[in-house]
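A.B. asks: As input, take target_24.tsv (TSV, C-alpha atoms):
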chain	number	residue	atom	x	y	z
A	1	MET	CA	107.54	122.37	101.01
A	2	ASN	CA	108.51	120.14	98.10
A	3	THR	CA	106.13	117.65	96.57
A	4	PHE	CA	107.42	114.47	98.23
A	5	ARG	CA	107.37	116.03	101.70
A	6	ALA	CA	103.91	117.48	101.15
A	7	ILE	CA	102.64	114.02	100.16
A	8	VAL	CA	104.27	112.23	103.10
A	9	PHE	CA	103.31	114.82	105.75
A	10	SER	CA	99.70	115.08	104.61
A	11	SER	CA	99.43	111.28	104.39
A	12	VAL	CA	100.74	110.80	107.93
A	13	ILE	CA	98.25	113.33	109.32
A	14	ALA	CA	95.32	111.96	107.31
A	15	GLY	CA	96.39	108.41	108.20
A	16	PHE	CA	96.36	109.11	111.93
A	17	VAL	CA	92.97	110.84	111.82
A	18	VAL	CA	91.20	108.36	109.54
A	19	GLY	CA	92.98	105.32	111.03
A	20	ALA	CA	91.83	106.31	114.52
A	21	ILE	CA	88.23	106.89	113.44
A	22	VAL	CA	88.04	103.66	111.47
A	23	THR	CA	89.44	101.74	114.46
A	24	VAL	CA	86.48	102.95	116.52
A	25	ILE	CA	84.06	102.00	113.74
A	26	GLN	CA	85.64	98.55	113.43
A	27	HIS	CA	85.53	98.10	117.18
A	28	PHE	CA	81.73	98.15	117.05
A	29	GLY	CA	81.29	96.80	113.52
A	30	THR	CA	83.69	94.18	112.21
A	31	VAL	CA	85.78	93.17	115.26
A	32	PRO	CA	82.89	91.73	117.35
A	33	LEU	CA	82.00	89.52	114.36
A	34	ILE	CA	85.63	88.37	114.05
A	35	LEU	CA	85.70	87.50	117.76
A	36	ARG	CA	82.45	85.57	117.47
A	37	ALA	CA	83.74	83.66	114.44
A	38	GLU	CA	86.90	82.77	116.36
A	39	LEU	CA	84.76	81.04	118.98
A	40	TYR	CA	83.39	78.77	116.28
A	41	GLU	CA	86.86	78.35	114.80
A	42	LYS	CA	88.38	77.29	118.12
A	43	ALA	CA	85.41	75.14	119.06
A	44	ALA	CA	85.73	73.29	115.76
A	45	ALA	CA	89.44	72.77	116.26
A	46	HIS	CA	88.87	71.03	119.59
A	47	HIS	CA	85.48	69.41	119.17
A	48	ASP	CA	85.59	68.09	115.66
A	49	HIS	CA	82.36	66.16	115.99
A	50	ALA	CA	80.36	69.19	117.15
A	51	ALA	CA	79.36	70.73	113.85
A	52	THR	CA	77.30	73.60	115.24
A	53	PRO	CA	78.36	74.34	118.78
A	54	ASP	CA	76.39	76.61	121.00
A	55	ALA	CA	78.24	79.91	121.32
A	56	ARG	CA	78.54	79.42	125.09
A	57	ASP	CA	80.30	76.10	124.66
A	58	GLY	CA	82.55	77.90	122.22
A	59	VAL	CA	83.64	80.39	124.88
A	60	ALA	CA	84.63	77.63	127.26
A	61	ALA	CA	86.51	75.71	124.60
A	62	ALA	CA	88.28	78.80	123.34
A	63	HIS	CA	89.61	79.75	126.73
A	64	SER	CA	90.70	76.36	127.92
A	65	HIS	CA	92.64	75.53	124.78
A	66	GLU	CA	93.82	78.95	123.71
A	67	ASP	CA	97.41	78.51	124.85
A	68	HIS	CA	97.98	75.33	122.89
A	69	GLU	CA	96.61	76.50	119.62
A	70	HIS	CA	98.89	79.42	118.83
A	71	ALA	CA	101.99	78.35	120.64
A	72	GLU	CA	104.11	78.67	117.48
A	73	ALA	CA	104.18	82.47	116.99
A	74	TRP	CA	103.69	85.53	119.15
A	75	GLU	CA	100.29	87.16	119.01
A	76	PRO	CA	98.90	90.10	120.95
A	77	GLY	CA	96.92	89.26	124.07
A	78	ASP	CA	93.16	89.71	123.85
A	79	GLY	CA	91.70	93.02	124.95
A	80	PHE	CA	93.76	96.18	125.08
A	81	GLU	CA	96.92	94.81	123.50
A	82	ARG	CA	95.11	93.32	120.54
A	83	ASN	CA	93.09	96.52	120.03
A	84	ALA	CA	96.25	98.62	120.21
A	85	TYR	CA	97.89	96.60	117.44
A	86	THR	CA	94.70	96.82	115.42
A	87	ALA	CA	94.75	100.61	115.81
A	88	ALA	CA	98.42	100.79	114.80
A	89	ALA	CA	97.84	98.59	111.75
A	90	ASN	CA	94.83	100.70	110.79
A	91	VAL	CA	96.85	103.92	111.02
A	92	LEU	CA	99.69	102.43	108.93
A	93	THR	CA	97.29	101.12	106.30
A	94	ALA	CA	95.56	104.50	106.15
A	95	ILE	CA	98.93	106.28	105.77
A	96	GLY	CA	99.90	103.92	102.95
A	97	PHE	CA	96.65	104.40	101.06
A	98	ALA	CA	96.73	108.16	101.74
A	99	MET	CA	100.15	108.28	100.04
A	100	LEU	CA	98.61	106.79	96.90
A	101	LEU	CA	95.84	109.39	96.97
A	102	ALA	CA	98.13	112.35	97.76
A	103	ALA	CA	100.53	111.27	94.99
A	104	ILE	CA	97.60	111.31	92.56
A	105	PHE	CA	96.54	114.73	93.85
A	106	ALA	CA	100.10	115.99	93.31
A	107	MET	CA	100.23	114.67	89.75
A	108	ARG	CA	96.81	116.08	88.88
A	109	SER	CA	97.36	119.51	90.40
A	110	GLY	CA	100.74	119.86	88.77
A	111	ASN	CA	100.40	123.34	87.37
A	112	ALA	CA	99.93	126.57	89.24
A	113	GLY	CA	96.57	127.19	90.83
A	114	GLY	CA	95.06	123.77	90.16
A	115	ARG	CA	94.00	122.28	93.48
A	116	ILE	CA	92.09	119.13	94.32
A	117	SER	CA	89.10	120.12	96.47
A	118	TRP	CA	87.99	117.91	99.36
A	119	HIS	CA	84.97	117.02	97.28
A	120	GLU	CA	87.11	115.80	94.40
A	121	GLY	CA	89.21	114.06	97.03
A	122	MET	CA	86.15	112.10	98.11
A	123	ILE	CA	85.52	111.04	94.52
A	124	TRP	CA	89.11	109.74	94.39
A	125	GLY	CA	88.36	107.97	97.67
A	126	LEU	CA	85.38	106.32	96.00
A	127	ALA	CA	87.75	105.14	93.25
A	128	GLY	CA	89.99	103.67	95.98
A	129	PHE	CA	86.97	101.85	97.40
A	130	ALA	CA	86.16	100.40	93.96
A	131	VAL	CA	89.77	99.37	93.36
A	132	PHE	CA	90.74	97.99	96.77
A	133	THR	CA	87.46	96.72	98.24
A	134	LEU	CA	84.74	96.29	95.64
A	135	ALA	CA	86.71	94.61	92.83
A	136	PRO	CA	88.77	92.17	94.95
A	137	GLY	CA	85.76	91.58	97.22
A	138	LEU	CA	83.57	90.34	94.37
A	139	GLY	CA	85.86	87.36	93.83
A	140	LEU	CA	87.16	87.07	97.37
A	141	PRO	CA	84.40	88.23	99.72
A	142	PRO	CA	85.52	89.47	103.15
A	143	GLU	CA	86.19	86.32	105.13
A	144	LEU	CA	85.79	85.49	108.80
A	145	PRO	CA	88.34	83.42	110.73
A	146	GLY	CA	87.38	79.75	110.68
A	147	VAL	CA	86.20	79.74	107.07
A	148	PRO	CA	88.59	77.63	104.95
A	149	ALA	CA	89.85	79.24	101.74
A	150	ALA	CA	92.23	78.57	98.85
A	151	PRO	CA	95.99	78.87	99.55
A	152	LEU	CA	96.95	82.34	100.79
A	153	LEU	CA	99.46	83.24	98.09
A	154	SER	CA	97.09	82.38	95.22
A	155	ARG	CA	94.41	84.57	96.79
A	156	GLN	CA	96.86	87.43	97.31
A	157	ILE	CA	97.99	87.26	93.68
A	158	TRP	CA	94.39	87.34	92.44
A	159	TRP	CA	93.57	90.17	94.85
A	160	VAL	CA	96.46	92.29	93.54
A	161	LEU	CA	95.52	91.44	89.94
A	162	ALA	CA	91.90	92.51	90.50
A	163	ALA	CA	92.97	95.77	92.18
A	164	ALA	CA	95.56	96.59	89.49
A	165	THR	CA	93.31	95.89	86.50
A	166	THR	CA	90.42	97.80	88.08
A	167	ALA	CA	92.69	100.79	88.74
A	168	GLY	CA	94.01	100.66	85.18
A	169	GLY	CA	90.53	100.17	83.75
A	170	LEU	CA	88.97	103.06	85.67
A	171	GLY	CA	91.92	105.24	84.66
A	172	LEU	CA	91.43	104.42	80.98
A	173	ILE	CA	87.68	105.08	81.19
A	174	PHE	CA	87.65	108.28	83.24
A	175	LEU	CA	90.99	109.92	82.44
A	176	ARG	CA	91.41	109.12	78.71
A	177	ARG	CA	87.82	109.83	77.76
A	178	SER	CA	87.94	108.13	74.37
A	179	LEU	CA	85.82	105.25	73.11
A	180	PRO	CA	88.66	102.76	72.44
A	181	ALA	CA	90.20	103.52	75.83
A	182	SER	CA	86.83	103.05	77.54
A	183	ILE	CA	86.31	99.69	75.87
A	184	ALA	CA	89.83	98.58	76.82
A	185	GLY	CA	89.20	99.83	80.36
A	186	LEU	CA	85.99	97.85	80.69
A	187	ILE	CA	87.71	94.71	79.43
A	188	LEU	CA	90.49	95.22	81.98
A	189	ILE	CA	88.00	95.56	84.83
A	190	VAL	CA	86.09	92.42	83.82
A	191	LEU	CA	89.22	90.34	83.07
A	192	PRO	CA	90.14	89.09	86.58
A	193	HIS	CA	86.53	88.02	87.18
A	194	VAL	CA	86.53	86.04	83.92
A	195	ILE	CA	89.72	84.32	85.08
A	196	GLY	CA	88.02	83.76	88.43
A	197	ALA	CA	89.31	83.99	91.99
A	198	PRO	CA	90.97	80.92	93.49
A	199	GLU	CA	88.49	78.93	95.57
A	200	LEU	CA	88.17	75.57	97.23
A	201	ASP	CA	85.97	72.89	95.66
A	202	HIS	CA	84.44	72.05	98.97
A	203	VAL	CA	84.12	74.39	101.95
A	204	GLU	CA	83.04	73.03	105.28
A	205	THR	CA	82.74	75.41	108.21
A	206	ASN	CA	80.71	75.73	111.36
A	207	VAL	CA	80.77	79.54	111.13
A	208	PRO	CA	77.11	80.37	110.43
A	209	ALA	CA	76.34	81.78	106.98
A	210	ALA	CA	74.35	84.60	108.58
A	211	LEU	CA	77.44	85.71	110.49
A	212	SER	CA	79.53	85.65	107.30
A	213	HIS	CA	76.92	87.71	105.48
A	214	GLN	CA	76.77	90.22	108.31
A	215	PHE	CA	80.55	90.48	108.09
A	216	VAL	CA	80.52	91.21	104.34
A	217	VAL	CA	78.09	94.08	104.91
A	218	ALA	CA	80.07	95.43	107.88
A	219	VAL	CA	83.40	95.30	106.04
A	220	THR	CA	82.02	96.89	102.89
A	221	MET	CA	80.31	99.76	104.72
A	222	THR	CA	83.33	100.35	106.99
A	223	SER	CA	85.58	100.42	103.96
A	224	LEU	CA	83.31	102.84	102.09
A	225	THR	CA	83.38	105.16	105.09
A	226	PHE	CA	87.16	104.75	105.35
A	227	TRP	CA	87.76	105.68	101.71
A	228	PHE	CA	85.38	108.66	101.70
A	229	MET	CA	87.08	110.03	104.82
A	230	LEU	CA	90.56	109.28	103.54
A	231	GLY	CA	89.91	110.97	100.18
A	232	GLY	CA	88.40	114.06	101.77
A	233	VAL	CA	90.91	114.51	104.60
A	234	THR	CA	93.99	113.71	102.49
A	235	SER	CA	93.04	116.16	99.76
A	236	ALA	CA	92.31	118.94	102.26
A	237	VAL	CA	95.57	118.46	104.19
A	238	PHE	CA	97.62	117.96	101.04
A	239	ALA	CA	96.29	121.18	99.50
A	240	ARG	CA	97.41	123.03	102.62
A	241	PHE	CA	100.95	121.60	102.65
A	242	ASP	CA	101.29	122.01	98.90
A	243	ARG	CA	100.15	125.64	98.89
A	244	ASP	CA	103.61	127.21	99.01
A	245	ASN	CA	105.35	124.50	97.02
A	246	PRO	CA	107.91	126.25	94.78
A	247	GLU	CA	107.52	123.42	92.29
A	248	THR	CA	103.96	124.49	91.55
A	249	LEU	CA	104.49	128.24	91.37
A	250	PRO	CA	105.01	129.71	87.93
A	251	GLY	CA	108.31	131.42	87.17
B	1	MET	CA	102.56	133.68	70.90
B	2	ALA	CA	105.75	134.52	72.71
B	3	HIS	CA	103.73	135.34	75.79
B	4	THR	CA	101.94	131.98	75.72
B	5	GLU	CA	105.22	130.10	75.55
B	6	ALA	CA	106.67	132.02	78.45
B	7	THR	CA	103.78	131.10	80.74
B	8	HIS	CA	103.73	127.44	79.71
B	9	LEU	CA	107.39	126.58	80.18
B	10	PRO	CA	107.53	126.62	84.00
B	11	VAL	CA	104.33	124.56	84.14
B	12	THR	CA	105.97	121.83	82.08
B	13	ALA	CA	109.07	121.96	84.25
B	14	SER	CA	107.08	121.64	87.48
B	15	ARG	CA	105.16	118.64	86.15
B	16	VAL	CA	108.39	116.91	85.26
B	17	SER	CA	109.82	117.34	88.75
B	18	ARG	CA	106.55	116.44	90.48
B	19	LEU	CA	106.04	113.17	88.64
B	20	PRO	CA	109.04	111.18	89.96
B	21	GLN	CA	108.40	112.42	93.50
B	22	SER	CA	104.75	111.39	93.26
B	23	LEU	CA	105.66	107.97	91.89
B	24	MET	CA	108.19	107.48	94.68
B	25	ALA	CA	105.56	108.34	97.31
B	26	MET	CA	103.14	105.96	95.62
B	27	MET	CA	105.63	103.11	95.86
B	28	LEU	CA	106.30	103.90	99.50
B	29	GLY	CA	102.55	103.83	100.18
B	30	LEU	CA	102.13	100.49	98.41
B	31	PHE	CA	105.07	99.09	100.36
B	32	ILE	CA	103.48	100.09	103.70
B	33	VAL	CA	100.10	98.59	102.78
B	34	GLY	CA	101.81	95.46	101.47
B	35	PHE	CA	103.84	95.03	104.63
B	36	VAL	CA	100.89	95.49	106.99
B	37	GLY	CA	98.27	93.64	104.97
B	38	PHE	CA	100.06	91.01	102.91
B	39	SER	CA	103.05	89.88	104.97
B	40	HIS	CA	103.64	86.15	105.38
B	41	ILE	CA	105.62	86.72	108.57
B	42	ASP	CA	103.59	85.17	111.40
B	43	VAL	CA	104.22	87.93	113.92
B	44	VAL	CA	103.18	90.67	111.46
B	45	HIS	CA	100.14	88.62	110.49
B	46	ASN	CA	99.07	88.16	114.12
B	47	ALA	CA	99.57	91.82	115.01
B	48	ALA	CA	97.52	93.06	112.04
B	49	HIS	CA	95.09	90.11	112.07
B	50	ASP	CA	91.84	91.98	112.72
B	51	VAL	CA	92.78	94.72	110.24
B	52	ARG	CA	93.45	92.19	107.50
B	53	HIS	CA	90.01	90.66	108.04
B	54	SER	CA	88.31	94.04	108.37
B	55	ASN	CA	89.89	95.27	105.12
B	56	ALA	CA	89.07	92.00	103.34
B	57	PHE	CA	92.76	91.40	102.63
B	58	PRO	CA	93.40	87.68	102.12
B	59	CYS	CA	94.24	86.24	105.55
B	60	HIS	CA	95.42	82.88	106.96
I'd like the structure from this file rewritten - as structure tokens, please.

C.D. replies:
Amino acid sequence: MNTFRAIVFSSVIAGFVVGAIVTVIQHFGTVPLILRAELYEKAAAHHDHAATPDARDGVAAAHSHEDHEHAEAWEPGDGFERNAYTAAANVLTAIGFAMLLAAIFAMRSGNAGGRISWHEGMIWGLAGFAVFTLAPGLGLPPELPGVPAAPLLSRQIWWVLAAATTAGGLGLIFLRRSLPASIAGLILIVLPHVIGAPELDHVETNVPAALSHQFVVAVTMTSLTFWFMLGGVTSAVFARFDRDNPETLPG
Amino acid sequence: MAHTEATHLPVTASRVSRLPQSLMAMMLGLFIVGFVGFSHIDVVHNAAHDVRHSNAFPCH
């Protein structure tokens, strides 16, 4: 199997496995917190004067006004349909990230015999966690629905900047292994945080701070689990598909 | 010396052919993540809503 096929096939398999597992974890970890925050979000939208509604009032308000609020665009119905789309999006995201990892494994095991072990794969997964969760999350903590934030595009640009500079910085530090490269790498990692993530001057929300904090912990731990699994599974499956790759065999 | 060169040549060749394929796969992966997690299309946003929040991608 050639390199591109080995990367794509192993990523699809790893993506399905890890995406399915992480969907189950989210179902008990992050999703219940999102649903609870949405009660506050919807309650606030319809009872502006009620700053801290009781959760039970929130349920009533959410259901009676649900149809009006999102009339503009299609959205999956609550329950099975919504969970199914969440699972599909998780699998796709996992496949996409697995392709990044498998591509790195292919580049680093270029010559004959060199294989990335599942253990090394997990270390690369940890790097993915640092790049895609930790670094962007420091400036833009995981956010619940109903918490106002700076304009979407500005946050997305900063998010991508933080991920890119952290990836570049870690690469300079751990792959170059020279003092000037390490210093440059550290500067790169710190840079987006010196610039600062876009934020609103004044944030007013009725989503309780305790719920938001719980969500940050749940997202971070789910993501850490996701990246460890993705690194390990992708490297193991990729090594198997890549075993008989003529492009890696000498002669 | 001649022996060393003979064993190193194919290695170099394989790295050259592996690199563009790896980079292509990387771009495909980034495109998929970008489409699912960063799309401004309402329908895509709504379908992947809980995943965007759970992955701490900027949402709304």

A.B. asks: Within 7 Å of chain A, which residues belong to chain B? Use only C-alpha atoms and report them as an mmCIF file with C-alpha atoms, in the coordinates of the input.

C.D. replies:
data_model
loop_
_atom_site.group_PDB
_atom_site.id
_atom_site.type_symbol
_atom_site.label_atom_id
_atom_site.label_comp_id
_atom_site.auth_asym_id
_atom_site.auth_seq_id
_atom_site.Cartn_x
_atom_site.Cartn_y
_atom_site.Cartn_z
ATOM 1 C CA PRO B 10 107.530 126.620 84.000
ATOM 2 C CA VAL B 11 104.330 124.560 84.140
ATOM 3 C CA SER B 14 107.080 121.640 87.480
ATOM 4 C CA ARG B 15 105.160 118.640 86.150
ATOM 5 C CA ARG B 18 106.550 116.440 90.480
ATOM 6 C CA LEU B 19 106.040 113.170 88.640
ATOM 7 C CA GLN B 21 108.400 112.420 93.500
ATOM 8 C CA SER B 22 104.750 111.390 93.260
ATOM 9 C CA LEU B 23 105.660 107.970 91.890
ATOM 10 C CA ALA B 25 105.560 108.340 97.310
ATOM 11 C CA MET B 26 103.140 105.960 95.620
ATOM 12 C CA GLY B 29 102.550 103.830 100.180
ATOM 13 C CA LEU B 30 102.130 100.490 98.410
ATOM 14 C CA ILE B 32 103.480 100.090 103.700
ATOM 15 C CA VAL B 33 100.100 98.590 102.780
ATOM 16 C CA VAL B 36 100.890 95.490 106.990
ATOM 17 C CA ASP B 42 103.590 85.170 111.400
ATOM 18 C CA VAL B 43 104.220 87.930 113.920
ATOM 19 C CA ASN B 46 99.070 88.160 114.120
ATOM 20 C CA ALA B 47 99.570 91.820 115.010
ATOM 21 C CA ALA B 48 97.520 93.060 112.040
ATOM 22 C CA ASP B 50 91.840 91.980 112.720
ATOM 23 C CA VAL B 51 92.780 94.720 110.240
ATOM 24 C CA HIS B 53 90.010 90.660 108.040
ATOM 25 C CA SER B 54 88.310 94.040 108.370
ATOM 26 C CA ASN B 55 89.890 95.270 105.120
ATOM 27 C CA ALA B 56 89.070 92.000 103.340
ATOM 28 C CA PRO B 58 93.400 87.680 102.120
ATOM 29 C CA CYS B 59 94.240 86.240 105.550
ATOM 30 C CA HIS B 60 95.420 82.880 106.960
#

A.B. asks: How many Å lie between CA of Gly121 (chain A) and CA of Met229 (chain A), rounded to one decimal?

C.D. replies: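 Interatomic distance here is 9.0 Å.
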
A.B. asks: Pick out the closest residue to Leu172 (chain A) from this set: A:His193, A:Asn245, A:Ile187, A:Pro32. Count all atoms listed in the file.

C.D. replies: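 Closest to Leu172 (chain A) of all the choices is A:Ile187.
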
A.B. asks: Work out how far CA of Glu204 (chain A) is from CA of Glu41 (chain A), in Å to one decimal.

C.D. replies: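 Interatomic distance here is 11.6 Å.
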
A.B. asks: With only C-alpha atoms as the basis for distance, which of A:Gly171, A:Gly196, A:Gly128, A:Gly19 is at the shortest distance from Ala184 (chain A)?

C.D. replies: A:Gly171

A.B. asks: Just give me the residues with any atom within 6 Å of (91.9, 123.8, 99.7), file coordinates, counting all atoms listed in the file, written as number ranges by chain.

C.D. replies: A: 117, 236, 239
